[in-house]
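I have placed the structure first, in the form of structure tokens, so that the comments after it can refer back to it.
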Amino acid sequence: MADKEDNPELFTEREKVALEFAERMTADSNNVDEALWNRLKEHFDEGEIIEIACVIGVFNYFNRFNNALKVDITK
């Protein structure tokens, strides 16, 4: 999988800020600061930010649920 730092041309600024939001929300949701909010607001309206946060939260839930129950991932 391509790394966003190694290949910056793969992602638009809009995508980069959404990815940073996902990383920050996943690693430490208390660390979503005003600077990140302001950058999100440059690219997304309030409804879109809420939708992105919901998707991030749902996938974090699924990952933690599956990890805790040691659910095998099938292809």
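Identifiers for the structure tokens are assigned positionally: chains receive A, B, ... in sequence, residues are indexed from 1 per chain, and ligands are indexed from 1 in the order shown.
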
Open item on the list: Quick one: residues within 7 Å of segment 20-37 of chain A, only C-alpha atoms, excluding same-chain residues fewer than 3 positions away - as a list in words?
Closed with: Lys16, Val17, Leu40, Lys41, Ile56 and Asn60 of chain A

- [ ] Would you please give, as a PyMOL selection string, all residues of chain A that DSSP assigns to alpha helix (DSSP H) based on the backbone?
- [x] chain A and resi 13-27+34-43+46-68

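Distance-wise, atom CA of Ile52 of chain A and atom CA of Phe65 of chain A end up 19.9 Å apart.
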